[in-house]
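Participant: As input, take entry-v8.cif (mmCIF, C-alpha atoms):
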```cif
data_coords
loop_
_atom_site.group_PDB
_atom_site.id
_atom_site.type_symbol
_atom_site.label_atom_id
_atom_site.label_comp_id
_atom_site.auth_asym_id
_atom_site.auth_seq_id
_atom_site.Cartn_x
_atom_site.Cartn_y
_atom_site.Cartn_z
ATOM 1 C CA MET A 6 8.163 2.261 -8.942
ATOM 2 C CA SER A 7 6.311 5.534 -9.467
ATOM 3 C CA LYS A 8 5.778 4.795 -13.158
ATOM 4 C CA PHE A 9 4.685 1.241 -12.360
ATOM 5 C CA VAL A 10 2.129 2.371 -9.768
ATOM 6 C CA VAL A 11 0.583 5.029 -11.997
ATOM 7 C CA THR A 12 0.595 2.810 -15.090
ATOM 8 C CA GLU A 13 -1.040 -0.134 -13.310
ATOM 9 C CA ASN A 14 -3.719 2.080 -11.796
ATOM 10 C CA PHE A 15 -4.814 3.180 -15.251
ATOM 11 C CA ASN A 16 -4.355 -0.324 -16.678
ATOM 12 C CA HIS A 17 -6.704 -1.736 -14.053
ATOM 13 C CA HIS A 18 -9.272 1.002 -13.756
ATOM 14 C CA SER A 19 -9.356 2.864 -17.066
ATOM 15 C CA ASN A 20 -9.029 0.040 -19.595
ATOM 16 C CA GLU A 21 -5.437 1.096 -20.304
ATOM 17 C CA ILE A 22 -6.592 4.566 -21.417
ATOM 18 C CA PHE A 23 -4.095 7.122 -20.140
ATOM 19 C CA PRO A 24 -4.999 10.777 -19.539
ATOM 20 C CA GLY A 25 -3.147 13.684 -21.053
ATOM 21 C CA ASN A 26 -1.485 14.469 -17.714
ATOM 22 C CA TYR A 27 -0.190 10.912 -17.292
ATOM 23 C CA GLN A 28 3.469 11.977 -17.050
ATOM 24 C CA ASN A 29 2.541 14.672 -14.531
ATOM 25 C CA ASP A 30 0.966 11.980 -12.354
ATOM 26 C CA ILE A 31 4.194 9.957 -12.472
ATOM 27 C CA ASP A 32 6.280 13.015 -11.628
ATOM 28 C CA SER A 33 3.978 13.893 -8.740
ATOM 29 C CA VAL A 34 4.160 10.399 -7.239
ATOM 30 C CA TYR A 35 7.941 10.328 -7.671
ATOM 31 C CA LYS A 36 8.411 13.718 -6.014
ATOM 32 C CA GLU A 37 6.203 12.747 -3.093
ATOM 33 C CA GLU A 38 7.966 9.429 -2.530
ATOM 34 C CA MET A 39 11.406 11.036 -2.677
ATOM 35 C CA GLY A 40 10.263 13.322 0.129
ATOM 36 C CA PHE A 41 9.277 10.289 2.219
ATOM 37 C CA LEU A 42 12.306 8.161 1.372
ATOM 38 C CA GLU A 43 14.186 8.592 4.647
ATOM 39 C CA HIS A 44 11.315 7.098 6.648
ATOM 40 C CA SER A 45 10.050 4.550 4.099
ATOM 41 C CA LYS A 46 10.514 0.899 3.331
ATOM 42 C CA ILE A 47 9.670 -0.269 -0.178
ATOM 43 C CA PHE A 48 8.862 -3.880 -0.980
ATOM 44 C CA ILE A 49 9.024 -5.062 -4.577
ATOM 45 C CA SER A 50 8.532 -8.275 -6.518
ATOM 46 C CA ARG A 51 10.106 -8.945 -9.916
ATOM 47 C CA ASP A 52 9.818 -11.730 -12.435
ATOM 48 C CA ASP A 53 12.789 -13.695 -13.757
ATOM 49 C CA GLN A 54 13.420 -10.995 -16.375
ATOM 50 C CA GLY A 55 13.595 -8.296 -13.724
ATOM 51 C CA ASP A 56 10.260 -6.684 -14.582
ATOM 52 C CA LEU A 57 8.122 -5.430 -11.722
ATOM 53 C CA LEU A 58 5.209 -7.617 -10.648
ATOM 54 C CA GLY A 59 4.167 -5.768 -7.519
ATOM 55 C CA THR A 60 5.102 -2.956 -5.147
ATOM 56 C CA ILE A 61 4.100 -1.550 -1.785
ATOM 57 C CA ARG A 62 5.547 1.131 0.498
ATOM 58 C CA VAL A 63 5.196 1.610 4.261
ATOM 59 C CA LEU A 64 6.061 4.974 5.823
ATOM 60 C CA LYS A 65 6.604 5.823 9.485
ATOM 61 C CA TRP A 66 5.167 9.286 10.016
ATOM 62 C CA ASP A 67 7.518 11.867 11.497
ATOM 63 C CA PHE A 68 4.531 14.053 12.493
ATOM 64 C CA VAL A 69 5.944 16.815 10.277
ATOM 65 C CA SER A 70 5.632 15.619 6.676
ATOM 66 C CA VAL A 71 2.229 15.962 5.050
ATOM 67 C CA LEU A 72 0.738 12.507 4.598
ATOM 68 C CA PRO A 73 -1.252 11.702 1.439
ATOM 69 C CA ILE A 74 -4.438 11.406 3.510
ATOM 70 C CA GLN A 75 -3.921 15.000 4.653
ATOM 71 C CA LYS A 76 -3.011 16.286 1.197
ATOM 72 C CA MET A 77 -5.711 14.452 -0.748
ATOM 73 C CA PHE A 78 -8.591 14.445 1.735
ATOM 74 C CA GLY A 79 -7.795 17.168 4.270
ATOM 75 C CA ILE A 80 -8.065 14.604 7.076
ATOM 76 C CA ASP A 81 -6.210 15.148 10.358
ATOM 77 C CA PRO A 82 -4.880 11.724 11.428
ATOM 78 C CA PHE A 83 -5.170 12.632 15.120
ATOM 79 C CA LEU A 84 -8.906 13.235 14.766
ATOM 80 C CA CYS A 85 -9.293 9.606 13.631
ATOM 81 C CA THR A 86 -7.767 8.124 16.777
ATOM 82 C CA GLU A 87 -10.943 8.640 18.856
ATOM 83 C CA GLY A 88 -8.879 9.561 21.895
ATOM 84 C CA ASN A 89 -7.022 6.247 21.991
ATOM 85 C CA ASP A 90 -3.366 6.092 22.952
ATOM 86 C CA ILE A 91 -1.094 6.235 19.912
ATOM 87 C CA ASN A 92 2.417 4.837 19.752
ATOM 88 C CA GLU A 93 3.353 5.235 16.066
ATOM 89 C CA ILE A 94 1.453 6.368 13.003
ATOM 90 C CA TRP A 95 2.199 4.702 9.667
ATOM 91 C CA HIS A 96 1.066 5.182 6.103
ATOM 92 C CA ILE A 97 0.766 2.380 3.555
ATOM 93 C CA GLY A 98 0.704 3.220 -0.124
ATOM 94 C CA ARG A 99 2.041 2.674 -3.641
ATOM 95 C CA PHE A 100 0.597 -0.817 -3.714
ATOM 96 C CA ALA A 101 0.072 -2.173 -7.196
ATOM 97 C CA ILE A 102 0.155 -5.558 -8.885
ATOM 98 C CA LYS A 103 0.775 -5.916 -12.601
ATOM 99 C CA LYS A 104 -2.391 -6.487 -14.580
ATOM 100 C CA GLY A 105 -2.706 -10.125 -15.567
ATOM 101 C CA VAL A 106 -0.720 -11.512 -12.619
ATOM 102 C CA ARG A 107 -2.825 -14.287 -11.096
ATOM 103 C CA ASP A 108 -1.461 -14.845 -7.616
ATOM 104 C CA VAL A 109 -3.150 -14.284 -4.251
ATOM 105 C CA ASN A 110 0.041 -15.185 -2.388
ATOM 106 C CA LEU A 111 1.787 -12.219 -3.998
ATOM 107 C CA LEU A 112 -0.957 -9.960 -2.671
ATOM 108 C CA LYS A 113 -0.604 -11.468 0.801
ATOM 109 C CA LYS A 114 3.209 -11.226 0.768
ATOM 110 C CA LEU A 115 3.135 -7.553 -0.091
ATOM 111 C CA LEU A 116 0.437 -6.761 2.467
ATOM 112 C CA VAL A 117 1.884 -8.752 5.353
ATOM 113 C CA SER A 118 5.349 -7.283 4.749
ATOM 114 C CA ALA A 119 3.947 -3.744 4.828
ATOM 115 C CA ILE A 120 1.812 -4.200 7.958
ATOM 116 C CA ALA A 121 4.527 -5.978 9.933
ATOM 117 C CA PRO A 122 5.794 -2.798 11.664
ATOM 118 C CA ILE A 123 2.258 -1.763 12.596
ATOM 119 C CA CYS A 124 1.785 -5.145 14.260
ATOM 120 C CA THR A 125 4.728 -4.667 16.636
ATOM 121 C CA HIS A 126 2.761 -2.533 19.131
ATOM 122 C CA LYS A 127 -0.884 -2.559 20.189
ATOM 123 C CA ASP A 128 -1.123 1.241 19.985
ATOM 124 C CA ASN A 129 0.169 1.556 16.414
ATOM 125 C CA ILE A 130 -2.142 2.770 13.661
ATOM 126 C CA ALA A 131 -1.912 3.048 9.871
ATOM 127 C CA PHE A 132 -3.617 5.134 7.208
ATOM 128 C CA ALA A 133 -4.085 4.407 3.509
ATOM 129 C CA GLU A 134 -6.035 5.547 0.469
ATOM 130 C CA ILE A 135 -7.494 2.409 -1.062
ATOM 131 C CA ASP A 136 -9.258 1.530 -4.294
ATOM 132 C CA ALA A 137 -12.872 0.590 -3.559
ATOM 133 C CA LYS A 138 -12.477 -2.892 -5.067
ATOM 134 C CA LEU A 139 -9.359 -3.602 -3.051
ATOM 135 C CA LEU A 140 -11.094 -2.488 0.131
ATOM 136 C CA ARG A 141 -13.746 -5.156 -0.405
ATOM 137 C CA VAL A 142 -11.039 -7.766 -0.965
ATOM 138 C CA LEU A 143 -9.210 -6.741 2.203
ATOM 139 C CA LYS A 144 -12.378 -7.172 4.249
ATOM 140 C CA LEU A 145 -12.875 -10.661 2.812
ATOM 141 C CA MET A 146 -9.275 -11.469 3.747
ATOM 142 C CA GLY A 147 -9.850 -10.411 7.354
ATOM 143 C CA ILE A 148 -8.230 -6.965 7.355
ATOM 144 C CA LYS A 149 -10.443 -4.521 9.251
ATOM 145 C CA ALA A 150 -10.212 -1.025 7.799
ATOM 146 C CA LYS A 151 -12.307 1.901 8.992
ATOM 147 C CA ILE A 152 -13.473 4.413 6.362
ATOM 148 C CA VAL A 153 -12.650 7.924 7.591
ATOM 149 C CA GLY A 154 -13.822 10.132 4.723
ATOM 150 C CA GLU A 155 -15.618 10.473 1.409
ATOM 151 C CA SER A 156 -14.114 8.826 -1.660
ATOM 152 C CA ILE A 157 -12.514 10.716 -4.557
ATOM 153 C CA GLU A 158 -11.325 9.667 -8.009
ATOM 154 C CA TYR A 159 -7.559 9.311 -8.124
ATOM 155 C CA LEU A 160 -5.476 7.765 -10.917
ATOM 156 C CA GLY A 161 -8.626 6.439 -12.570
ATOM 157 C CA SER A 162 -10.020 4.744 -9.459
ATOM 158 C CA GLU A 163 -12.565 5.425 -6.730
ATOM 159 C CA THR A 164 -10.207 5.936 -3.800
ATOM 160 C CA ILE A 165 -11.306 5.738 -0.156
ATOM 161 C CA PRO A 166 -9.388 7.008 2.913
ATOM 162 C CA VAL A 167 -9.117 4.390 5.657
ATOM 163 C CA CYS A 168 -7.593 3.866 9.068
ATOM 164 C CA MET A 169 -6.263 0.486 10.242
ATOM 165 C CA SER A 170 -5.477 -0.271 13.874
ATOM 166 C CA TYR A 171 -3.267 -2.963 15.351
ATOM 167 C CA SER A 172 -6.371 -4.892 16.381
ATOM 168 C CA GLY A 173 -7.718 -4.741 12.834
ATOM 169 C CA LEU A 174 -4.498 -6.096 11.322
ATOM 170 C CA ILE A 175 -3.037 -8.540 13.816
ATOM 171 C CA ASP A 176 -5.254 -11.522 12.910
ATOM 172 C CA PHE A 177 -4.355 -11.257 9.215
ATOM 173 C CA TYR A 178 -0.702 -10.810 10.140
ATOM 174 C CA ASN A 179 -0.621 -13.841 12.422
ATOM 175 C CA GLU A 180 -2.321 -15.991 9.783
ATOM 176 C CA ASN A 181 0.099 -14.938 7.039
ATOM 177 C CA LYS A 182 3.330 -13.904 8.760
ATOM 178 C CA ASN A 183 5.034 -16.988 7.377
ATOM 179 C CA LEU A 184 4.850 -15.209 4.016
ATOM 180 C CA ALA A 185 6.605 -12.070 5.283
ATOM 181 C CA LEU A 186 10.186 -11.329 4.416
ATOM 182 C CA PRO A 187 12.917 -11.821 7.050
ATOM 183 C CA GLU A 188 13.427 -8.746 9.210
ATOM 184 C CA GLN A 189 16.027 -6.474 7.621
ATOM 185 C CA SER A 190 17.335 -2.973 8.243
ATOM 186 C CA ILE A 191 16.929 -1.447 4.815
ATOM 187 C CA THR A 192 15.667 2.077 4.269
ATOM 188 C CA GLY A 193 16.175 4.975 1.903
ATOM 189 C CA SER A 194 16.897 4.076 -1.697
ATOM 190 C CA ASN A 195 17.142 0.355 -0.949
ATOM 191 C CA SER A 196 14.186 -1.955 -1.234
ATOM 192 C CA TYR A 197 13.029 -5.330 -0.087
ATOM 193 C CA LYS A 198 12.741 -7.880 -2.846
ATOM 194 C CA LEU A 199 10.195 -10.657 -2.632
ATOM 195 C CA PRO A 200 10.915 -14.087 -4.091
ATOM 196 C CA ASN A 201 10.413 -14.248 -7.848
ATOM 197 C CA LYS A 202 8.382 -17.453 -7.798
ATOM 198 C CA VAL A 203 4.711 -17.605 -6.928
ATOM 199 C CA VAL A 204 2.944 -20.679 -5.664
ATOM 200 C CA PHE A 205 -0.764 -20.081 -5.828
ATOM 201 C CA ASN A 206 -2.922 -19.407 -8.874
ATOM 202 C CA ALA A 207 -6.261 -17.648 -8.517
ATOM 203 C CA GLU A 208 -8.674 -15.608 -10.568
ATOM 204 C CA ASN A 209 -7.421 -12.338 -11.961
ATOM 205 C CA ARG A 210 -8.030 -9.447 -9.585
ATOM 206 C CA ASN A 211 -7.585 -5.790 -10.473
ATOM 207 C CA TYR A 212 -6.903 -3.434 -7.628
ATOM 208 C CA THR A 213 -4.369 -0.943 -6.364
ATOM 209 C CA LEU A 214 -3.584 1.022 -3.253
ATOM 210 C CA VAL A 215 -2.109 4.437 -3.854
#
```
Reformat the file's structure so that it appears as structure tokens.
Facilitator:
Amino acid sequence: MSKFVVTENFNHHSNEIFPGNYQNDIDSVYKEEMGFLEHSKIFISRDDQGDLLGTIRVLKWDFVSVLPIQKMFGIDPFLCTEGNDINEIWHIGRFAIKKGVRDVNLLKKLLVSAIAPICTHKDNIAFAEIDAKLLRVLKLMGIKAKIVGESIEYLGSETIPVCMSYSGLIDFYNENKNLALPEQSITGSNSYKLPNKVVFNAENRNYTLV
């Protein structure tokens, strides 16, 4: 998954030109995700040959581990809550779709599966670092994300830190929850697997969430 995420970021945003530290980027992502594994759920989609088509990871914060938004942007998640009651804090990341895949339903399946736990309580909140192009797509799809800091370049893309509340996600979730995977209790090294088949063709879109 780590190699897929890094590779697709550069495929989408750098015209498949990989930097000299490309392997270091993969190792860094892998090391970070292994540290989160106990509290993460990973959703993947594969084609009939078993090759990855898309990935996303949702992480329930233990309030101890350093979240990517803290590490990359120096942002304190609690300062973004504006004094509102908080039940759980989540982080969504490692979202990537293979370049050339033309399927909006795959995008929706990955997103709705990842936001499902945030949408179980009105005081839940999620953070993410999102490619600028993807952020525009999310807004068009009805996901309300609040920008909480200045963008940086990461893995070849302009990356923006955002916060997403229950109220900003629940409408998208309710409209697309039929696409979500059945509730399962799978954590750690296991992963959710989305159906191989896709049902909706659309224009090619290049975006990732890291």
Participant: List every residue of range 42-110 of chain A that has an atom at most 12 Å from any atom of range 128-140 of chain A, giving for each one its closest atom pair and the distance in Å to one decimal, counting all atoms listed in the file, sorted by chain and then by ascending residue number, as JSON lines.
Facilitator:
```
{"residue": "A:Ile61", "atom": "CA", "partner": "A:Ala133", "partner_atom": "CA", "distance": 11.4}
{"residue": "A:Arg62", "atom": "CA", "partner": "A:Ala133", "partner_atom": "CA", "distance": 10.6}
{"residue": "A:Val63", "atom": "CA", "partner": "A:Ala131", "partner_atom": "CA", "distance": 9.2}
{"residue": "A:Leu64", "atom": "CA", "partner": "A:Ala131", "partner_atom": "CA", "distance": 9.1}
{"residue": "A:Lys65", "atom": "CA", "partner": "A:Ala131", "partner_atom": "CA", "distance": 9.0}
{"residue": "A:Trp66", "atom": "CA", "partner": "A:Ala131", "partner_atom": "CA", "distance": 9.4}
{"residue": "A:Leu72", "atom": "CA", "partner": "A:Phe132", "partner_atom": "CA", "distance": 9.0}
{"residue": "A:Pro73", "atom": "CA", "partner": "A:Glu134", "partner_atom": "CA", "distance": 7.9}
{"residue": "A:Ile74", "atom": "CA", "partner": "A:Glu134", "partner_atom": "CA", "distance": 6.8}
{"residue": "A:Gln75", "atom": "CA", "partner": "A:Phe132", "partner_atom": "CA", "distance": 10.2}
{"residue": "A:Lys76", "atom": "CA", "partner": "A:Glu134", "partner_atom": "CA", "distance": 11.2}
{"residue": "A:Met77", "atom": "CA", "partner": "A:Glu134", "partner_atom": "CA", "distance": 9.0}
{"residue": "A:Phe78", "atom": "CA", "partner": "A:Glu134", "partner_atom": "CA", "distance": 9.3}
{"residue": "A:Ile80", "atom": "CA", "partner": "A:Phe132", "partner_atom": "CA", "distance": 10.5}
{"residue": "A:Asp81", "atom": "CA", "partner": "A:Phe132", "partner_atom": "CA", "distance": 10.8}
{"residue": "A:Pro82", "atom": "CA", "partner": "A:Phe132", "partner_atom": "CA", "distance": 7.9}
{"residue": "A:Phe83", "atom": "CA", "partner": "A:Ile130", "partner_atom": "CA", "distance": 10.4}
{"residue": "A:Cys85", "atom": "CA", "partner": "A:Phe132", "partner_atom": "CA", "distance": 9.7}
{"residue": "A:Thr86", "atom": "CA", "partner": "A:Ile130", "partner_atom": "CA", "distance": 8.4}
{"residue": "A:Glu87", "atom": "CA", "partner": "A:Ile130", "partner_atom": "CA", "distance": 11.8}
{"residue": "A:Gly88", "atom": "CA", "partner": "A:Asp128", "partner_atom": "CA", "distance": 11.5}
{"residue": "A:Asn89", "atom": "CA", "partner": "A:Asp128", "partner_atom": "CA", "distance": 8.0}
{"residue": "A:Asp90", "atom": "CA", "partner": "A:Asp128", "partner_atom": "CA", "distance": 6.1}
{"residue": "A:Ile91", "atom": "CA", "partner": "A:Asp128", "partner_atom": "CA", "distance": 5.0}
{"residue": "A:Asn92", "atom": "CA", "partner": "A:Asp128", "partner_atom": "CA", "distance": 5.1}
{"residue": "A:Glu93", "atom": "CA", "partner": "A:Asn129", "partner_atom": "CA", "distance": 4.9}
{"residue": "A:Ile94", "atom": "CA", "partner": "A:Ile130", "partner_atom": "CA", "distance": 5.1}
{"residue": "A:Trp95", "atom": "CA", "partner": "A:Ala131", "partner_atom": "CA", "distance": 4.4}
{"residue": "A:His96", "atom": "CA", "partner": "A:Phe132", "partner_atom": "CA", "distance": 4.8}
{"residue": "A:Ile97", "atom": "CA", "partner": "A:Ala133", "partner_atom": "CA", "distance": 5.3}
{"residue": "A:Gly98", "atom": "CA", "partner": "A:Ala133", "partner_atom": "CA", "distance": 6.1}
{"residue": "A:Arg99", "atom": "CA", "partner": "A:Glu134", "partner_atom": "CA", "distance": 9.5}
{"residue": "A:Phe100", "atom": "CA", "partner": "A:Ile135", "partner_atom": "CA", "distance": 9.1}
{"residue": "A:Ala101", "atom": "CA", "partner": "A:Leu139", "partner_atom": "CA", "distance": 10.4}
{"residue": "A:Ile102", "atom": "CA", "partner": "A:Leu139", "partner_atom": "CA", "distance": 11.3}
```
Participant: For CA of Phe15 in chain A and CA of Leu58 in chain A, quote the distance in Å rounded to one decimal.
Facilitator: 15.4 Å
Participant: Work out how far apart CA of Lys8 in chain A and CA of Asp32 in chain A are and give it in Å to one decimal.
Facilitator: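 Spanning CA of Lys8 in chain A to CA of Asp32 in chain A is a straight-line distance of 8.4 Å.
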Participant: Please enumerate the residues selected by the PyMOL selection byres ((chain A and resi 146) around 12) when evaluated against the supplied file, formatted as a PDB file with C-alpha atoms, in the coordinates of the input.
Facilitator:
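Result file expr20.pdb:
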```pdb
ATOM      1  CA  VAL A 109      -3.150 -14.284  -4.251  1.00  0.00           C
ATOM      2  CA  ASN A 110       0.041 -15.185  -2.388  1.00  0.00           C
ATOM      3  CA  LEU A 112      -0.957  -9.960  -2.671  1.00  0.00           C
ATOM      4  CA  LYS A 113      -0.604 -11.468   0.801  1.00  0.00           C
ATOM      5  CA  LEU A 116       0.437  -6.761   2.467  1.00  0.00           C
ATOM      6  CA  VAL A 117       1.884  -8.752   5.353  1.00  0.00           C
ATOM      7  CA  LEU A 139      -9.359  -3.602  -3.051  1.00  0.00           C
ATOM      8  CA  LEU A 140     -11.094  -2.488   0.131  1.00  0.00           C
ATOM      9  CA  ARG A 141     -13.746  -5.156  -0.405  1.00  0.00           C
ATOM     10  CA  VAL A 142     -11.039  -7.766  -0.965  1.00  0.00           C
ATOM     11  CA  LEU A 143      -9.210  -6.741   2.203  1.00  0.00           C
ATOM     12  CA  LYS A 144     -12.378  -7.172   4.249  1.00  0.00           C
ATOM     13  CA  LEU A 145     -12.875 -10.661   2.812  1.00  0.00           C
ATOM     14  CA  GLY A 147      -9.850 -10.411   7.354  1.00  0.00           C
ATOM     15  CA  ILE A 148      -8.230  -6.965   7.355  1.00  0.00           C
ATOM     16  CA  LYS A 149     -10.443  -4.521   9.251  1.00  0.00           C
ATOM     17  CA  ALA A 150     -10.212  -1.025   7.799  1.00  0.00           C
ATOM     18  CA  GLY A 173      -7.718  -4.741  12.834  1.00  0.00           C
ATOM     19  CA  LEU A 174      -4.498  -6.096  11.322  1.00  0.00           C
ATOM     20  CA  ASP A 176      -5.254 -11.522  12.910  1.00  0.00           C
ATOM     21  CA  PHE A 177      -4.355 -11.257   9.215  1.00  0.00           C
ATOM     22  CA  TYR A 178      -0.702 -10.810  10.140  1.00  0.00           C
ATOM     23  CA  GLU A 180      -2.321 -15.991   9.783  1.00  0.00           C
ATOM     24  CA  ASN A 181       0.099 -14.938   7.039  1.00  0.00           C
TER      25      ASN A 181
END
```
Participant: What does the structure give for the distance between CA of Glu38 in chain A and CA of Val69 in chain A, in Å to one decimal?
Facilitator: 14.9 Å
Participant: I need the residue set behind the PyMOL selection byres ((chain A and resi 153) around 9) for this file; please write it as a PDB file with C-alpha atoms, keeping the file's coordinate frame.
Facilitator:
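Saved result, out_29.pdb, follows:
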```pdb
ATOM      1  CA  ILE A  80      -8.065  14.604   7.076  1.00  0.00           C
ATOM      2  CA  CYS A  85      -9.293   9.606  13.631  1.00  0.00           C
ATOM      3  CA  LYS A 151     -12.307   1.901   8.992  1.00  0.00           C
ATOM      4  CA  ILE A 152     -13.473   4.413   6.362  1.00  0.00           C
ATOM      5  CA  GLY A 154     -13.822  10.132   4.723  1.00  0.00           C
ATOM      6  CA  GLU A 155     -15.618  10.473   1.409  1.00  0.00           C
ATOM      7  CA  ILE A 165     -11.306   5.738  -0.156  1.00  0.00           C
ATOM      8  CA  PRO A 166      -9.388   7.008   2.913  1.00  0.00           C
ATOM      9  CA  VAL A 167      -9.117   4.390   5.657  1.00  0.00           C
ATOM     10  CA  CYS A 168      -7.593   3.866   9.068  1.00  0.00           C
TER      11      CYS A 168
END
```
Participant: So, with only C-alpha atoms as the atoms that count, which of A:Asn26, A:Arg107, A:Val71, A:Pro122 lies closest to Lys46 in chain A?
Facilitator: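 Going through A:Asn26, A:Arg107, A:Val71, A:Pro122 one by one, the smallest distance to Lys46 in chain A is for A:Pro122.
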Participant: Taking all atoms of range 107-110 of chain A that the file lists and extending 6 Å past them on each side, where is the centre of the axis-aligned box and how long are its edges? Answer in Å to one decimal, as lines of an AutoDock Vina configuration file.
Facilitator:
```
center_x = -1.6
center_y = -14.7
center_z = -6.7
size_x = 15.2
size_y = 12.9
size_z = 20.7
```
